[in-house]
$ cat start-v3.pdb   # PDB, C-alpha atoms
ATOM      1  CA  MET L 195       0.000   0.000   0.000  1.00  0.00           C
ATOM      2  CA  ALA L 196       2.853   2.147   0.567  1.00  0.00           C
ATOM      3  CA  SER L 197       3.727   1.775  -3.027  1.00  0.00           C
ATOM      4  CA  SER L 198       0.256   2.603  -4.106  1.00  0.00           C
ATOM      5  CA  SER L 199       0.195   5.632  -1.933  1.00  0.00           C
ATOM      6  CA  GLY L 200       3.653   6.529  -3.209  1.00  0.00           C
ATOM      7  CA  THR L 201       2.387   6.088  -6.718  1.00  0.00           C
ATOM      8  CA  SER L 202      -0.585   8.235  -6.132  1.00  0.00           C
ATOM      9  CA  SER L 203       1.634  10.749  -4.450  1.00  0.00           C
ATOM     10  CA  GLY L 204       4.052  10.602  -7.412  1.00  0.00           C
ATOM     11  CA  SER L 205       1.189  10.999  -9.795  1.00  0.00           C
ATOM     12  CA  SER L 206       0.007  13.994  -7.839  1.00  0.00           C
ATOM     13  CA  LEU L 207       3.521  15.451  -8.060  1.00  0.00           C
ATOM     14  CA  LEU L 208       3.399  14.928 -11.788  1.00  0.00           C
ATOM     15  CA  GLN L 209       0.051  16.657 -11.899  1.00  0.00           C
ATOM     16  CA  ASN L 210       1.396  19.440  -9.704  1.00  0.00           C
ATOM     17  CA  SER L 211       4.499  19.630 -11.820  1.00  0.00           C
ATOM     18  CA  GLY L 212       2.415  19.679 -14.955  1.00  0.00           C
ATOM     19  CA  SER L 213       0.167  22.351 -13.561  1.00  0.00           C
ATOM     20  CA  GLU L 214       3.218  24.349 -12.458  1.00  0.00           C
ATOM     21  CA  GLU L 215       4.581  24.086 -15.979  1.00  0.00           C
ATOM     22  CA  ASP L 216       1.222  25.126 -17.358  1.00  0.00           C
ATOM     23  CA  LEU L 217       1.159  27.995 -14.895  1.00  0.00           C
ATOM     24  CA  GLN L 218       4.708  28.974 -15.849  1.00  0.00           C
ATOM     25  CA  ALA L 219       3.796  28.766 -19.549  1.00  0.00           C
ATOM     26  CA  LEU L 220       0.709  30.878 -18.907  1.00  0.00           C
ATOM     27  CA  MET L 221       2.780  33.420 -16.987  1.00  0.00           C
ATOM     28  CA  ASP L 222       5.391  33.445 -19.781  1.00  0.00           C
ATOM     29  CA  GLN L 223       2.653  33.935 -22.353  1.00  0.00           C
ATOM     30  CA  ARG L 224       1.162  36.838 -20.357  1.00  0.00           C
ATOM     31  CA  LYS L 225       4.654  38.296 -19.930  1.00  0.00           C
ATOM     32  CA  ARG L 226       5.229  38.132 -23.696  1.00  0.00           C
ATOM     33  CA  LYS L 227       1.823  39.728 -24.355  1.00  0.00           C
ATOM     34  CA  ARG L 228       2.626  42.507 -21.866  1.00  0.00           C
ATOM     35  CA  MET L 229       6.043  42.986 -23.462  1.00  0.00           C
ATOM     36  CA  ILE L 230       4.497  43.169 -26.958  1.00  0.00           C
ATOM     37  CA  SER L 231       1.808  45.526 -25.671  1.00  0.00           C
ATOM     38  CA  ASN L 232       4.423  47.725 -23.979  1.00  0.00           C
ATOM     39  CA  ARG L 233       6.524  47.803 -27.155  1.00  0.00           C
ATOM     40  CA  GLU L 234       3.463  48.800 -29.200  1.00  0.00           C
ATOM     41  CA  SER L 235       2.556  51.469 -26.636  1.00  0.00           C
ATOM     42  CA  ALA L 236       6.134  52.798 -26.693  1.00  0.00           C
ATOM     43  CA  ARG L 237       6.034  52.864 -30.522  1.00  0.00           C
ATOM     44  CA  ARG L 238       2.764  54.844 -30.453  1.00  0.00           C
ATOM     45  CA  SER L 239       4.233  57.183 -27.856  1.00  0.00           C
ATOM     46  CA  ARG L 240       7.309  57.782 -30.049  1.00  0.00           C
ATOM     47  CA  MET L 241       5.043  58.431 -33.024  1.00  0.00           C
ATOM     48  CA  ARG L 242       2.975  60.972 -31.027  1.00  0.00           C
ATOM     49  CA  LYS L 243       6.152  62.614 -29.802  1.00  0.00           C
ATOM     50  CA  GLN L 244       7.541  62.809 -33.356  1.00  0.00           C
ATOM     51  CA  LYS L 245       4.259  64.252 -34.660  1.00  0.00           C
ATOM     52  CA  HIS L 246       4.272  66.843 -31.865  1.00  0.00           C
ATOM     53  CA  LEU L 247       7.876  67.735 -32.708  1.00  0.00           C
ATOM     54  CA  ASP L 248       7.010  68.042 -36.411  1.00  0.00           C
ATOM     55  CA  ASP L 249       4.051  70.270 -35.522  1.00  0.00           C
ATOM     56  CA  LEU L 250       6.279  72.484 -33.370  1.00  0.00           C
ATOM     57  CA  VAL L 251       8.893  72.759 -36.128  1.00  0.00           C
ATOM     58  CA  SER L 252       6.143  73.731 -38.571  1.00  0.00           C
ATOM     59  CA  GLN L 253       4.778  76.294 -36.117  1.00  0.00           C
ATOM     60  CA  VAL L 254       8.260  77.780 -35.618  1.00  0.00           C
ATOM     61  CA  ALA L 255       8.643  78.149 -39.399  1.00  0.00           C
ATOM     62  CA  GLN L 256       5.224  79.816 -39.662  1.00  0.00           C
ATOM     63  CA  LEU L 257       5.964  82.185 -36.769  1.00  0.00           C
ATOM     64  CA  ARG L 258       9.321  83.126 -38.264  1.00  0.00           C
ATOM     65  CA  LYS L 259       7.599  83.896 -41.557  1.00  0.00           C
ATOM     66  CA  GLU L 260       4.988  86.044 -39.785  1.00  0.00           C
ATOM     67  CA  ASN L 261       7.739  87.755 -37.783  1.00  0.00           C
ATOM     68  CA  GLN L 262       9.595  88.612 -40.983  1.00  0.00           C
ATOM     69  CA  GLN L 263       6.407  90.033 -42.511  1.00  0.00           C
ATOM     70  CA  ILE L 264       5.806  92.142 -39.402  1.00  0.00           C
ATOM     71  CA  LEU L 265       9.391  93.422 -39.467  1.00  0.00           C
ATOM     72  CA  THR L 266       9.013  94.335 -43.132  1.00  0.00           C
ATOM     73  CA  SER L 267       5.769  96.140 -42.370  1.00  0.00           C
ATOM     74  CA  VAL L 268       7.363  98.002 -39.440  1.00  0.00           C
ATOM     75  CA  ASN L 269      10.300  99.048 -41.642  1.00  0.00           C
ATOM     76  CA  ILE L 270       7.962 100.316 -44.373  1.00  0.00           C
ATOM     77  CA  THR L 271       5.859 102.191 -41.818  1.00  0.00           C
ATOM     78  CA  THR L 272       8.986 103.700 -40.253  1.00  0.00           C
ATOM     79  CA  GLN L 273      10.178 104.894 -43.663  1.00  0.00           C
ATOM     80  CA  GLN L 274       6.773 106.428 -44.380  1.00  0.00           C
ATOM     81  CA  TYR L 275       6.786 108.097 -40.961  1.00  0.00           C
ATOM     82  CA  LEU L 276      10.251 109.562 -41.548  1.00  0.00           C
ATOM     83  CA  SER L 277       9.168 110.786 -44.985  1.00  0.00           C
ATOM     84  CA  VAL L 278       6.040 112.457 -43.587  1.00  0.00           C
ATOM     85  CA  GLU L 279       8.052 113.925 -40.718  1.00  0.00           C
ATOM     86  CA  ALA L 280      10.574 115.411 -43.176  1.00  0.00           C
ATOM     87  CA  GLU L 281       7.740 116.799 -45.298  1.00  0.00           C
ATOM     88  CA  ASN L 282       6.122 118.305 -42.184  1.00  0.00           C
ATOM     89  CA  SER L 283       9.418 119.910 -41.247  1.00  0.00           C
ATOM     90  CA  VAL L 284       9.667 121.481 -44.707  1.00  0.00           C
ATOM     91  CA  LEU L 285       6.057 122.656 -44.487  1.00  0.00           C
ATOM     92  CA  ARG L 286       6.658 124.188 -41.048  1.00  0.00           C
ATOM     93  CA  ALA L 287       9.676 126.041 -42.411  1.00  0.00           C
ATOM     94  CA  GLN L 288       7.607 127.275 -45.355  1.00  0.00           C
ATOM     95  CA  VAL L 289       4.842 128.436 -42.987  1.00  0.00           C
ATOM     96  CA  GLY L 290       7.425 130.400 -41.007  1.00  0.00           C
ATOM     97  CA  GLU L 291       8.891 131.896 -44.170  1.00  0.00           C
ATOM     98  CA  LEU L 292       5.483 132.804 -45.574  1.00  0.00           C
ATOM     99  CA  SER L 293       4.370 134.292 -42.257  1.00  0.00           C
ATOM    100  CA  HIS L 294       7.499 136.421 -42.190  1.00  0.00           C
ATOM    101  CA  ARG L 295       6.897 137.540 -45.792  1.00  0.00           C
ATOM    102  CA  LEU L 296       3.280 138.389 -44.978  1.00  0.00           C
ATOM    103  CA  GLU L 297       4.374 140.475 -42.005  1.00  0.00           C
ATOM    104  CA  SER L 298       6.892 142.299 -44.197  1.00  0.00           C
ATOM    105  CA  LEU L 299       4.305 142.952 -46.892  1.00  0.00           C
ATOM    106  CA  ASN L 300       1.815 144.188 -44.304  1.00  0.00           C
ATOM    107  CA  GLU L 301       4.454 146.561 -42.941  1.00  0.00           C
ATOM    108  CA  ILE L 302       5.122 147.854 -46.467  1.00  0.00           C
ATOM    109  CA  ILE L 303       1.403 148.393 -46.980  1.00  0.00           C
ATOM    110  CA  GLU L 304       1.177 150.247 -43.658  1.00  0.00           C
ATOM    111  CA  VAL L 305       4.109 152.487 -44.623  1.00  0.00           C
ATOM    112  CA  LEU L 306       2.581 153.175 -48.024  1.00  0.00           C
ATOM    113  CA  ASN L 307      -0.821 153.941 -46.510  1.00  0.00           C
ATOM    114  CA  ALA L 308       0.761 156.197 -43.865  1.00  0.00           C
ATOM    115  CA  SER L 309       2.744 158.108 -46.447  1.00  0.00           C
ATOM    116  CA  SER L 310      -0.125 158.457 -48.916  1.00  0.00           C
ATOM    117  CA  GLY L 311      -0.349 162.173 -48.144  1.00  0.00           C
ATOM    118  CA  VAL L 312       3.212 162.656 -49.371  1.00  0.00           C
ATOM    119  CA  TYR L 313       2.854 160.684 -52.601  1.00  0.00           C
ATOM    120  CA  GLY L 314      -0.737 161.436 -53.399  1.00  0.00           C
ATOM    121  CA  SER L 315      -4.080 160.076 -52.343  1.00  0.00           C
ATOM    122  CA  THR L 316      -3.474 156.505 -53.471  1.00  0.00           C
ATOM    123  CA  ASN L 317      -4.352 153.982 -50.753  1.00  0.00           C
ATOM    124  CA  PHE L 318      -2.818 150.543 -50.928  1.00  0.00           C
ATOM    125  CA  ILE L 319      -5.149 147.940 -49.563  1.00  0.00           C
ATOM    126  CA  GLU L 320      -4.873 144.224 -49.855  1.00  0.00           C
ATOM    127  CA  PRO L 321      -6.822 143.002 -52.895  1.00  0.00           C
ATOM    128  CA  ALA L 322      -9.237 140.160 -52.261  1.00  0.00           C
ATOM    129  CA  ASN L 323      -8.514 138.249 -55.485  1.00  0.00           C
ATOM    130  CA  SER L 324      -4.818 138.783 -55.931  1.00  0.00           C
ATOM    131  CA  PHE L 325      -2.386 136.670 -57.869  1.00  0.00           C
ATOM    132  CA  PHE L 326      -0.544 135.967 -54.627  1.00  0.00           C
ATOM    133  CA  PHE L 327      -3.599 134.632 -52.835  1.00  0.00           C
ATOM    134  CA  ASN L 328      -4.494 132.143 -55.582  1.00  0.00           C
ATOM    135  CA  PRO L 329      -3.250 128.704 -54.436  1.00  0.00           C
ATOM    136  CA  LEU L 330      -2.680 127.640 -58.052  1.00  0.00           C
ATOM    137  CA  ASN L 331       0.023 130.299 -58.462  1.00  0.00           C
ATOM    138  CA  MET L 332       2.655 128.878 -56.139  1.00  0.00           C
ATOM    139  CA  SER L 333       5.686 129.931 -58.181  1.00  0.00           C
ATOM    140  CA  TYR L 334       6.109 133.089 -56.102  1.00  0.00           C
ATOM    141  CA  MET L 335       6.788 131.036 -52.939  1.00  0.00           C
ATOM    142  CA  ASN L 336      10.467 130.519 -53.681  1.00  0.00           C
ATOM    143  CA  GLN L 337      11.119 134.026 -55.022  1.00  0.00           C
ATOM    144  CA  PRO L 338      13.065 136.409 -52.775  1.00  0.00           C
ATOM    145  CA  ILE L 339      11.385 139.605 -51.603  1.00  0.00           C
ATOM    146  CA  MET L 340      13.083 142.410 -53.498  1.00  0.00           C
ATOM    147  CA  ALA L 341      11.313 145.416 -52.038  1.00  0.00           C
ATOM    148  CA  SER L 342      11.611 146.708 -48.516  1.00  0.00           C
ATOM    149  CA  ALA L 343      10.193 149.675 -46.664  1.00  0.00           C
ATOM    150  CA  ASP L 344      13.596 151.414 -46.675  1.00  0.00           C
ATOM    151  CA  ASN L 345      13.841 151.409 -50.509  1.00  0.00           C
ATOM    152  CA  ILE L 346      10.357 152.853 -50.942  1.00  0.00           C
ATOM    153  CA  LEU L 347      10.892 155.779 -48.574  1.00  0.00           C
ATOM    154  CA  GLN L 348      14.138 156.870 -50.291  1.00  0.00           C
ATOM    155  CA  CYS L 349      12.323 158.046 -53.395  1.00  0.00           C
TER     156      CYS L 349
END

$ encode --input "start-v3.pdb" --output "structure tokens"
Amino acid sequence: MASSSGTSSGSSLLQNSGSEEDLQALMDQRKRKRMISNRESARRSRMRKQKHLDDLVSQVAQLRKENQQILTSVNITTQQYLSVEAENSVLRAQVGELSHRLESLNEIIEVLNASSGVYGSTNFIEPANSFFFNPLNMSYMNQPIMASADNILQC
């Protein structure tokens, strides 16, 4: 009986051994599946990372292009500003020059009107529709003033 119990015990060891091998095989199979799954997950992660990197590189290129366009626009605007500023400076100088000329002409008219008793009864008043007041006749703007109050009184 001892042999029969030893046999049954040996057979149970074989069954246990077989089930341990089956369990080990099952664990190995699960391990391989996990390893394959992890590799696939890592591959997908690398692909997402690469796509994100490609998107960022594309965005950098687009932003550099936009930056260059903005710089070009700023440079053009700066040039236009400097041009307008120079033109304004010229116009301010012309306003000063024309104001000075107008003052001189008004002084001449005052002297002529004050001395009208000496030279006759002719009154010099500013004409309303004069050649000088017509904005289409701008050629006189750059002409020097030849007459002065001193030259008129010496006659």

$ atom_distance --input "start-v3.pdb" --atom1 "CA of Gln253 (chain L)" --atom2 "CA of Val268 (chain L)"
22.1 Å

$ atom_distance --input "start-v3.pdb" --atom1 "CA of Lys225 (chain L)" --atom2 "CA of Arg237 (chain L)"
18.1 Å

$ axis_aligned_box --input "start-v3.pdb" --around "region 274-283 of chain L" --padding-each-side "3 Å" --output "lines of an AutoDock Vina configuration file"
center_x = 8.3
center_y = 113.2
center_z = -43.0
size_x = 10.5
size_y = 19.5
size_z = 10.6

$ atom_distance --input "start-v3.pdb" --atom1 "CA of Gly290 (chain L)" --atom2 "CA of Gln273 (chain L)"
25.8 Å
